[in-house]
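Worksheet: one structure, shown below.
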Amino acid sequence: MRTIKGIGVSAGRVLGPSLRMPPPVPEPEADARFGADSTVDGEKARLKDAAEEVRADLRHRAETASGDAKAVLDATAMMATDPMLLKAAGKHINAGMAADRAIWEAGLEVAAMLQSLGGYMAERTQDVLDVRARIVAELDGLPAPGIPASDTPFILVAEELAPADTATLDPAKVIGLVTSGGGPQSHTAILARALGLPAVVGAPDADSLSDGTELYVDGATGTVVAEPGASEREAASKYASRVSLPPFSGTGTTSDGHRVPLLANVGSGKDAKAAAAAGAEGIGLLRTEFCFLGRDSEPTQEEQVTAYGAVFEAFPGRKVVVRTLDAGADKPLPFLTDATEPNPALGVRGFRTDRSSPGVLGRQLEAIAIAAGAHEADVWVMAPMISTAEEAADFAVQCTGAGLAMPGVMIEVPAAALMAEAVLSRVRFASLGTNDLTQYTMAADRQLGTLATLNDPWQPAVLQLIGRTVEGARAAETAAEPGQATAAIKNVGVCGEAAADPALAVVLTGLGVNTLSMTPRALASVGAVLATVSLAEAQDLASVALSAHTAAEARSAVRSRLPVLEELGL
């Protein structure tokens, strides 16, 4: 029996045989040249056709996906025909290199360039290398990279999964996930939570596991045991036979009746219908990037109106919070963002793109207003990456001009949390994006497994900023003069991954957060745990977390006071 430690990112305890990702597509011969039966133009045409085939395949897979999976597949599809990548390969073909070797070399060059830029651009290297392998496989008639096939369920072991692979995991076959790389906010972690798949990331020793090894995976504690013993088998058995969580009742509340509406994070009309079926009380985050990703040009007003309307239609009379386009960083758009920024995570992204490319935001707000007018949803609109009160005021003015009465902001930048009273005096509400707030607070790239312990929403500094935001909101309510457009209750929600953690959801409630928004799959677990504590108990647990010196100490102390978590296998 051997124990491997990592970062637990999706709760659950399972037993099963390990199966590693298949070997990568082999590197073409270093001196591969195209023969006399081909030409420069012929090789370029072959490369273009292969790239288009890969793009079409990824887009087809995106059509059957939704939410995060769809966004990941769309972004990867766009990379397949990226002009920079194909232009670099074309230069090698001009020198007589065969198409497969040319795209291989081009992928190395583009990945190295992105890696040198650091930050979010460095994360795109995995996308480039994944697309490169797919194009080479298409050119050489080889199987495309992907999840291994198996007749029986298994636990997938990998160094890291390419976004396109992660987005197409079949939870009927892949019952658990262990990666040696990645962090708690990586695409792998987010999608594992969305699928309800027990997962451990950032476990370096997982690279030593061989196929067929029986594994025990505890996605709550981050523990992986090879050749498990009796205690692990009992724990997995208890989890498998646990009392099933009842479906979410549609009313989030503490045991003493304090209302905490539980909302859903969605990325499309399809997602919204699924969220409504799961009992979500509304939408706390509509990611509008689904309209823009995978495109070379801005979608038309008609296209946007149709897309937003499909979401509004699913929640008549209920709140739908729309986040305006969050382009930049890990979501570059060729018509809006600058791919040459030295540090895109600290660059022109979110609301800041309205300075460099004015008009896109205004047209989006008009489309949202038109769609809202055609449906009965209670539409709220928020801007991402707001840092100052001036930016909040500017956004509020633009919303008013478009006929949108509920302007708000995302609190993702520590400066906005520290200045919450001033920021919220300009708008009606705020939503805490805990994924970005954590990485900016801790100066830790959320995609890096080596920084996973820093990039944890349980970090006391992050919890302090959340508390500061709530305090600022209450102060803004008190300071507002009657009759002012922004004089009203300042709703503070959380729409980051932190809201999907049942224990942390209790802490957030105790800190004074009004609403929690999450993947629909988490509604039942969060609702069940929240219903077992009173508001006073939640406030006590929030104090416990705030007084902790480390994230691990905060999480452990709170979980030890919530025995319901063990009972429910959470």
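Chain labels follow the order of the structure tokens: the first chain is A, the next B, and so on; residue numbering restarts at 1 in every chain, and ligands are counted from 1 in their shown order.
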
Pull the strand (DSSP E or B) assignments for range 424-500 of chain A out of DSSP run on the backbone, and list those residues as a VMD selection string. chain A and resid 429 to 432 491 to 494

Those residues with N, CA and C atoms, as a compact mmCIF listing (two decimals), in the first residue's frame please?
# COMPACT_ATOMS: atom_id res chain seq x y z
N PHE A 429 -25.10 46.17 -7.17
CA PHE A 429 -24.73 44.89 -6.57
C PHE A 429 -23.29 44.53 -6.97
N ALA A 430 -22.77 43.51 -6.27
CA ALA A 430 -21.45 42.98 -6.59
C ALA A 430 -21.49 41.47 -6.53
N SER A 431 -20.66 40.84 -7.33
CA SER A 431 -20.51 39.38 -7.28
C SER A 431 -19.03 39.06 -7.19
N LEU A 432 -18.68 38.27 -6.21
CA LEU A 432 -17.28 37.94 -5.97
C LEU A 432 -16.85 36.78 -6.86
N ASN A 491 -26.75 44.01 -2.86
CA ASN A 491 -26.62 42.56 -2.85
C ASN A 491 -25.18 42.15 -3.15
N VAL A 492 -24.64 41.26 -2.34
CA VAL A 492 -23.30 40.72 -2.57
C VAL A 492 -23.41 39.21 -2.75
N GLY A 493 -23.05 38.73 -3.92
CA GLY A 493 -23.09 37.30 -4.20
C GLY A 493 -21.70 36.75 -4.41
N VAL A 494 -21.61 35.43 -4.51
CA VAL A 494 -20.37 34.75 -4.89
C VAL A 494 -20.71 33.85 -6.08

Which residues are near Lys273 in chain A? Cut-off 9 Å, only C-alpha atoms, ignore same chain within fewer than 3 positions. Put them as a count of residues only. 11

Determine, counting only C-alpha atoms, which protein, DNA and RNA residues have an atom within 12 Å of an atom of Thr300 in chain A; residues of the same chain fewer than 2 positions away are not included. Present the result as a VMD selection string. chain A and resid 291 to 292 295 297 to 298 302 to 307 360 363 to 364 366 to 367

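Near Ser244 in chain A, within 12 Å and counting only C-alpha atoms, sit A:Lys238, A:Tyr239, A:Ala240, A:Ser241, A:Arg242, A:Pro246, A:Pro247, A:Phe248, A:Ala524, A:Ser525, A:Ala528, A:Glu567, A:Leu568, A:Gly569, A:Leu570; same-chain residues fewer than 2 positions away were not included.
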
Give me, as a PyMOL selection string, all polymer residues having an atom no more than 12 Å from Arg134 in chain A, counting only C-alpha atoms and skipping those fewer than 5 positions away in the same chain. chain A and resi 24-27+47+50-58+76-77+79-81+100+103-104+107+127-129+139-146+162+164-165

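Across the structure, CA of Thr251 in chain A and CA of Trp380 in chain A are spaced 20.2 Å apart.
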
Which parts of range 95-324 of chain A does DSSP call helix (DSSP H, G or I) when run on the backbone here, written out as a PyMOL selection string? chain A and resi 99-117+119-140+163-166+187-195+204-208+230-240+269-277+288-291+301-312

Would you work out the distance separating CA of Gly219 in chain A from CA of Ser150 in chain A, expressed in Å to one decimal?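 It comes out at 22.3 Å.
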
Provide the CA of Gly510 in chain A to CA of Asp540 in chain A distance in Å, to one decimal place.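 Distance reported for this atom pair: 7.2 Å.
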
For Arg555 in chain A, the nearest of the candidates A:Thr519, A:Ser210, A:Thr3, A:Gln459, counting only C-alpha atoms: A:Gln459

From the options A:Ala137, A:Val201, A:Leu565, A:Ala369, which residue's atoms come nearest to Ile4 in chain A, counting only C-alpha atoms?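 Of all the options, A:Val201 lies closest to Ile4 in chain A.
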
Would you mind listing what lies within 12 Å of Thr179 in chain A as a VMD selection string, with only C-alpha atoms counted and same-chain residues fewer than 3 positions away left out? chain A and resid 4 to 9 18 to 21 155 to 162 166 176 182 to 184 186 188 to 189 192 198 to 209 217 219 222 to 224 449

Near Glu391 in chain A, counting only C-alpha atoms, which residues have an atom at most 9 Å away, once you skip same-chain residues fewer than 4 positions from it, shown as a VMD selection string? chain A and resid 351 to 352 386 to 387 395 to 396 423

Pull N, CA and C atoms from the residues just selected and write them as a compact mmCIF listing (two decimals), in the first residue's frame.
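This is the output file part.txt:
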# COMPACT_ATOMS: atom_id res chain seq x y z
N PHE A 351 -13.66 44.54 -18.50
CA PHE A 351 -14.15 45.90 -18.73
C PHE A 351 -13.08 46.79 -19.39
N ARG A 352 -11.81 46.48 -19.17
CA ARG A 352 -10.74 47.32 -19.70
C ARG A 352 -10.69 47.32 -21.23
N ILE A 386 -13.42 45.05 -12.69
CA ILE A 386 -13.56 46.43 -12.22
C ILE A 386 -12.57 46.64 -11.07
N SER A 387 -11.81 47.73 -11.15
CA SER A 387 -10.79 47.99 -10.12
C SER A 387 -11.04 49.26 -9.32
N PHE A 395 -19.46 52.16 -15.98
CA PHE A 395 -20.30 51.04 -16.40
C PHE A 395 -21.76 51.30 -16.09
N ALA A 396 -22.04 51.87 -14.92
CA ALA A 396 -23.43 52.16 -14.55
C ALA A 396 -24.07 53.12 -15.55
N VAL A 423 -16.90 51.68 -4.49
CA VAL A 423 -17.31 51.01 -5.74
C VAL A 423 -18.81 50.76 -5.75
